[in-house]
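Enquirer: The following file, model-v4.tsv, comprises TSV, C-alpha atoms:
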```tsv
chain	number	residue	atom	x	y	z
A	192	MET	CA	-44.35	8.16	-21.67
A	193	ALA	CA	-40.78	7.23	-20.57
A	194	GLU	CA	-40.26	4.12	-18.52
A	195	GLU	CA	-38.55	4.36	-15.17
A	196	ILE	CA	-34.87	3.44	-15.32
A	197	ILE	CA	-34.12	0.54	-13.02
A	198	ASN	CA	-30.62	-0.09	-11.71
A	199	ARG	CA	-30.46	-3.87	-11.98
A	200	VAL	CA	-26.92	-3.98	-10.55
A	201	ALA	CA	-27.99	-2.19	-7.36
A	202	ASN	CA	-30.96	-4.55	-7.01
A	203	SER	CA	-28.95	-7.73	-7.63
A	204	LYS	CA	-27.08	-9.93	-5.16
A	205	LEU	CA	-23.86	-8.78	-6.80
A	206	LYS	CA	-21.31	-7.40	-4.32
A	207	VAL	CA	-18.71	-4.87	-5.48
A	208	VAL	CA	-15.37	-4.47	-3.70
A	209	ASP	CA	-13.53	-1.25	-4.46
A	210	LEU	CA	-10.08	-1.32	-2.86
A	211	GLU	CA	-9.86	2.43	-3.35
A	212	ASP	CA	-12.41	2.72	-0.51
A	213	TYR	CA	-9.77	1.32	1.84
A	214	TYR	CA	-6.94	3.61	0.71
A	215	PRO	CA	-5.10	4.79	3.86
A	216	ARG	CA	-4.91	8.56	4.21
A	217	GLY	CA	-1.52	10.14	4.69
A	218	ASN	CA	1.33	11.48	2.61
A	219	ARG	CA	3.70	9.03	1.00
A	220	ILE	CA	7.38	9.98	1.16
A	221	LEU	CA	10.25	8.42	-0.75
A	222	PHE	CA	13.25	9.00	1.53
A	223	ASP	CA	16.50	8.68	-0.44
A	224	ILE	CA	19.60	8.31	1.74
A	225	LYS	CA	22.11	8.86	-1.09
A	226	ASP	CA	22.73	12.44	0.02
A	227	TRP	CA	23.92	11.12	3.38
A	228	LEU	CA	26.60	8.98	1.73
A	229	LEU	CA	30.07	10.06	0.65
A	230	GLU	CA	29.76	10.80	-3.08
A	231	GLY	CA	26.39	9.01	-2.88
A	232	LEU	CA	28.16	5.67	-2.62
A	233	VAL	CA	29.99	5.15	0.66
A	234	LEU	CA	28.39	5.10	4.08
A	235	ARG	CA	30.73	6.51	6.70
A	236	GLU	CA	29.24	5.61	10.03
A	237	LYS	CA	30.27	8.68	12.02
A	238	GLU	CA	29.00	11.16	9.42
A	239	PHE	CA	25.86	9.12	8.78
A	240	ARG	CA	24.98	9.10	12.48
A	241	ILE	CA	25.43	12.90	12.58
A	242	PHE	CA	22.98	13.30	9.66
A	243	VAL	CA	20.49	11.07	11.46
A	244	ALA	CA	20.91	12.91	14.77
A	245	GLU	CA	20.52	16.38	13.24
A	246	HIS	CA	17.63	15.63	10.88
A	247	ASP	CA	14.17	17.01	11.71
A	248	TRP	CA	12.12	13.81	11.90
A	249	SER	CA	8.95	15.60	12.97
A	250	GLN	CA	8.31	16.60	9.34
A	251	TYR	CA	7.21	13.00	8.73
A	252	GLN	CA	4.35	13.20	11.22
A	253	ASP	CA	1.53	10.87	10.08
A	254	CYS	CA	3.31	10.03	6.81
A	255	TYR	CA	4.10	6.70	5.21
A	256	VAL	CA	7.83	6.52	4.41
A	257	ALA	CA	9.67	4.32	1.93
A	258	LEU	CA	13.41	4.28	2.65
A	259	HIS	CA	15.73	3.62	-0.25
A	260	CYS	CA	19.02	4.52	-1.88
A	261	SER	CA	18.87	5.59	-5.52
A	262	THR	CA	22.55	4.85	-6.15
A	263	ASP	CA	24.32	1.50	-6.35
A	264	ALA	CA	25.73	1.94	-2.85
A	265	ILE	CA	25.88	-1.04	-0.54
A	266	VAL	CA	23.94	0.14	2.48
A	267	PRO	CA	24.13	-1.97	5.64
A	268	ASP	CA	20.82	-2.99	7.20
A	269	TRP	CA	21.59	-1.14	10.42
A	270	ALA	CA	21.48	2.20	8.54
A	271	TYR	CA	17.85	1.68	7.56
A	272	MET	CA	17.09	0.37	11.04
A	273	LEU	CA	18.61	3.49	12.60
A	274	ILE	CA	16.47	5.75	10.40
A	275	SER	CA	13.32	3.74	11.09
A	276	ILE	CA	13.90	4.03	14.83
A	277	GLU	CA	14.01	7.82	14.48
A	278	LEU	CA	10.91	7.81	12.25
A	279	GLN	CA	8.90	5.53	14.53
A	280	PRO	CA	7.44	8.23	16.83
A	281	TYR	CA	6.28	10.26	13.82
A	282	SER	CA	5.52	8.14	10.76
A	283	LYS	CA	2.57	5.79	10.44
A	284	LEU	CA	4.83	3.23	8.78
A	285	SER	CA	8.32	3.08	7.35
A	286	ILE	CA	9.66	0.36	5.07
A	287	ILE	CA	12.69	-0.29	2.88
A	288	GLY	CA	11.73	-0.07	-0.77
A	289	THR	CA	9.85	1.97	-3.32
A	290	LEU	CA	6.54	3.75	-3.06
A	291	GLU	CA	5.03	0.78	-4.91
A	292	ASN	CA	6.41	-1.56	-2.23
A	293	LEU	CA	4.93	0.74	0.41
A	294	GLU	CA	1.45	0.61	-1.16
A	295	SER	CA	1.67	-3.16	-1.49
A	296	ILE	CA	2.58	-3.57	2.18
A	297	LEU	CA	-0.19	-1.19	3.26
A	298	TYR	CA	-2.79	-3.09	1.26
A	299	SER	CA	-1.45	-6.45	2.40
A	300	GLU	CA	-2.23	-5.45	5.98
A	301	ILE	CA	-5.62	-4.01	5.03
A	302	ILE	CA	-6.67	-7.16	3.17
A	303	SER	CA	-5.47	-9.50	5.90
A	304	ASN	CA	-7.71	-7.60	8.36
A	305	LEU	CA	-10.63	-7.20	5.94
A	306	GLU	CA	-13.93	-8.70	7.12
A	307	VAL	CA	-15.26	-10.69	4.16
A	308	SER	CA	-18.24	-12.54	5.65
A	309	GLU	CA	-20.66	-10.32	3.70
A	310	PHE	CA	-19.32	-11.91	0.50
A	311	LYS	CA	-20.18	-15.48	1.54
A	312	ASP	CA	-21.88	-17.32	-1.35
A	313	ALA	CA	-22.26	-14.06	-3.28
A	314	PRO	CA	-21.15	-13.10	-6.76
A	315	VAL	CA	-18.35	-10.55	-6.27
A	316	ILE	CA	-16.83	-7.98	-8.59
A	317	ILE	CA	-13.44	-6.60	-7.66
A	318	LYS	CA	-13.52	-3.12	-9.12
A	319	GLY	CA	-10.74	-2.44	-11.57
A	320	CYS	CA	-10.60	1.31	-12.15
A	321	SER	CA	-9.40	3.62	-9.41
A	322	HIS	CA	-8.04	7.12	-9.01
A	323	LYS	CA	-5.70	6.15	-6.19
A	324	PRO	CA	-2.68	3.84	-6.50
A	325	VAL	CA	-4.09	0.39	-5.76
A	326	PRO	CA	-1.26	-2.09	-6.40
A	327	SER	CA	-1.83	-5.18	-8.53
A	328	ASN	CA	-0.60	-7.25	-5.61
A	329	ALA	CA	-3.61	-6.06	-3.58
A	330	LEU	CA	-5.97	-7.35	-6.27
A	331	VAL	CA	-4.25	-10.74	-6.15
A	332	LEU	CA	-4.38	-10.90	-2.34
A	333	LEU	CA	-8.05	-9.94	-2.30
A	334	SER	CA	-9.01	-12.51	-4.93
A	335	GLN	CA	-7.21	-15.21	-2.92
A	336	LYS	CA	-9.02	-14.17	0.26
A	337	LEU	CA	-12.42	-14.16	-1.45
A	338	LYS	CA	-12.08	-17.45	-3.36
A	339	PRO	CA	-12.93	-19.78	-0.44
A	340	ILE	CA	-16.16	-17.93	0.38
A	341	ALA	CA	-17.50	-16.19	-2.75
A	342	LYS	CA	-19.89	-17.84	-5.21
A	343	SER	CA	-18.01	-16.20	-8.06
A	344	ILE	CA	-15.31	-13.57	-8.58
A	345	MET	CA	-15.14	-11.13	-11.45
A	346	PHE	CA	-12.86	-8.21	-12.20
A	347	GLY	CA	-13.78	-4.84	-13.68
A	348	GLU	CA	-17.13	-3.07	-13.70
A	349	ALA	CA	-20.64	-4.51	-13.60
A	350	CYS	CA	-21.14	-3.55	-17.25
A	351	SER	CA	-17.92	-5.18	-18.45
A	352	SER	CA	-16.43	-7.64	-16.00
A	353	VAL	CA	-13.98	-10.46	-16.62
A	354	PRO	CA	-14.94	-13.75	-14.94
A	355	LEU	CA	-12.13	-15.18	-12.80
A	356	PHE	CA	-13.68	-17.86	-10.62
A	357	LYS	CA	-16.98	-19.71	-10.19
A	358	LYS	CA	-17.72	-22.23	-7.45
A	359	LYS	CA	-18.56	-25.65	-8.84
```
What would the structure in this file look like if it were written as structure tokens?
Expert:
Amino acid sequence: MAEEIINRVANSKLKVVDLEDYYPRGNRILFDIKDWLLEGLVLREKEFRIFVAEHDWSQYQDCYVALHCSTDAIVPDWAYMLISIELQPYSKLSIIGTLENLESILYSEIISNLEVSEFKDAPVIIKGCSHKPVPSNALVLLSQKLKPIAKSIMFGEACSSVPLFKKK
């Protein structure tokens, strides 16, 4: 007669945080302005403003947009500001940087607003594997937020976690 399999992790006081559960929905767009520069290097204000005025910004509805220039052009701050003003009614967020910077900023906001009282005096595992792009910076921010309240912090999976912190 086979014994019943008992999930000891589910029955323990162990709390698991999976940042993938907080992944914001929406397309991520890397918006490269090099094509709006003369030979990809020189910003000519009049022509740049025409590109901005004639561009269909509605295609970025509910998207997250990372603005950048893939060439070594020196782009004045006002150019990115001008684009972000046009994106504002449509995009959920626009930043200057890479898609990795975008994810880091998104998660920074999520973690700063994350309610963590349920983790008070509990052993916590921050889940390591995910199918969505959870930036390493988010893991660092979360561990810093949990340290003052958690009994212990581990990283990985319940079956193979790495201990990071234990309250003395």
Enquirer: Quick one: pull the distance between atom CA of Val315 of chain A and atom CA of Leu332 of chain A, Å, one decimal.
Expert: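 Distance between the two atoms: 14.5 Å.
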Enquirer: Set the distance at 12 Å and use only C-alpha atoms: which residues neighbour Ser303 of chain A once local chain neighbours fewer than 6 positions away are removed? I'd like the list as a VMD selection string.
Expert: chain A and resid 296 to 297 329 332 to 337
Enquirer: Env of Ala264 of chain A: 10 Å cut, atoms = all atoms listed in the file, seq-sep filter 4 positions within chain, self excluded. Answer as a list in words.
Expert: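 Close residues of Ala264 of chain A: Ile224, Lys225, Leu228, Leu229, Glu230, Gly231, Leu232, Val233, Leu234 and Cys260 of chain A.
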Enquirer: Keeping only C-alpha atoms, write the selected residues as a CSV table (one decimal), keeping the file's coordinate frame.
Expert:
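What ended up in again.csv:
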```csv
chain,number,residue,atom,x,y,z
A,224,ILE,CA,19.6,8.3,1.7
A,225,LYS,CA,22.1,8.9,-1.1
A,228,LEU,CA,26.6,9.0,1.7
A,229,LEU,CA,30.1,10.1,0.6
A,230,GLU,CA,29.8,10.8,-3.1
A,231,GLY,CA,26.4,9.0,-2.9
A,232,LEU,CA,28.2,5.7,-2.6
A,233,VAL,CA,30.0,5.2,0.7
A,234,LEU,CA,28.4,5.1,4.1
A,260,CYS,CA,19.0,4.5,-1.9
```
Enquirer: Could you jot down the atom CA of Ala341 of chain A to atom CA of Ile301 of chain A separation for me, Å, one decimal place?
Expert: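 Computing it gives 18.7 Å between the two atoms.
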Enquirer: Might you pull out every residue within 6 Å of segment 266-282 of chain A, with all atoms listed in the file counted and same-chain residues fewer than 6 positions away left off, and present them as a list in words?
Expert: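 Here the answer would be Tyr251, Gln252, Asp253, Cys254 and Tyr255 of chain A.
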Enquirer: Hey, what's within 12 Å of Lys359 of chain A if we count only C-alpha atoms and toss same-chain stuff fewer than 4 positions away? As a list in words, please?
Expert: Asp312, Lys338, Pro339, Ala341, Lys342 and Ser343 of chain A
Enquirer: When you count all atoms listed in the file, which of these residues is closest to Ser285 of chain A: A:Ile220, A:Met345, A:Leu355, A:Ala244?
Expert: A:Ile220
Enquirer: With all atoms listed in the file as the basis for distance, which of A:Val325, A:Ser308, A:Gly319, A:Glu294 is at the shortest distance from Gly347 of chain A?
Expert: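 Closest to Gly347 of chain A, using all atoms listed in the file: A:Gly319.
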Enquirer: In Å, how far is it from atom CA of Leu205 of chain A to atom CA of Ala313 of chain A?
Expert: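 About the pair atom CA of Leu205 of chain A and atom CA of Ala313 of chain A: they are 6.5 Å apart.
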Enquirer: Considering all atoms listed in the file, state which residue in the set A:Ser351, A:Phe346, A:Lys318, A:Pro324 is at the smallest distance from Asp209 of chain A.
Expert: A:Lys318
Enquirer: Could you check which of A:Lys283, A:Leu330, A:Glu245, A:Val208 is closest to Ser295 of chain A, using all atoms listed in the file?
Expert: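 Closest residue, counting all atoms listed in the file: A:Leu330.
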Enquirer: Taking only C-alpha atoms into account, which of A:Tyr298, A:Phe242, A:Tyr214, A:Phe222 comes nearest Ile286 of chain A?
Expert: A:Phe222
Enquirer: Which is closest to Asp223 of chain A among A:Glu300, A:Leu290, A:Ser321, A:Phe310, if we use all atoms listed in the file?
Expert: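 Residue with the minimum atom-to-atom distance to Asp223 of chain A: A:Leu290.
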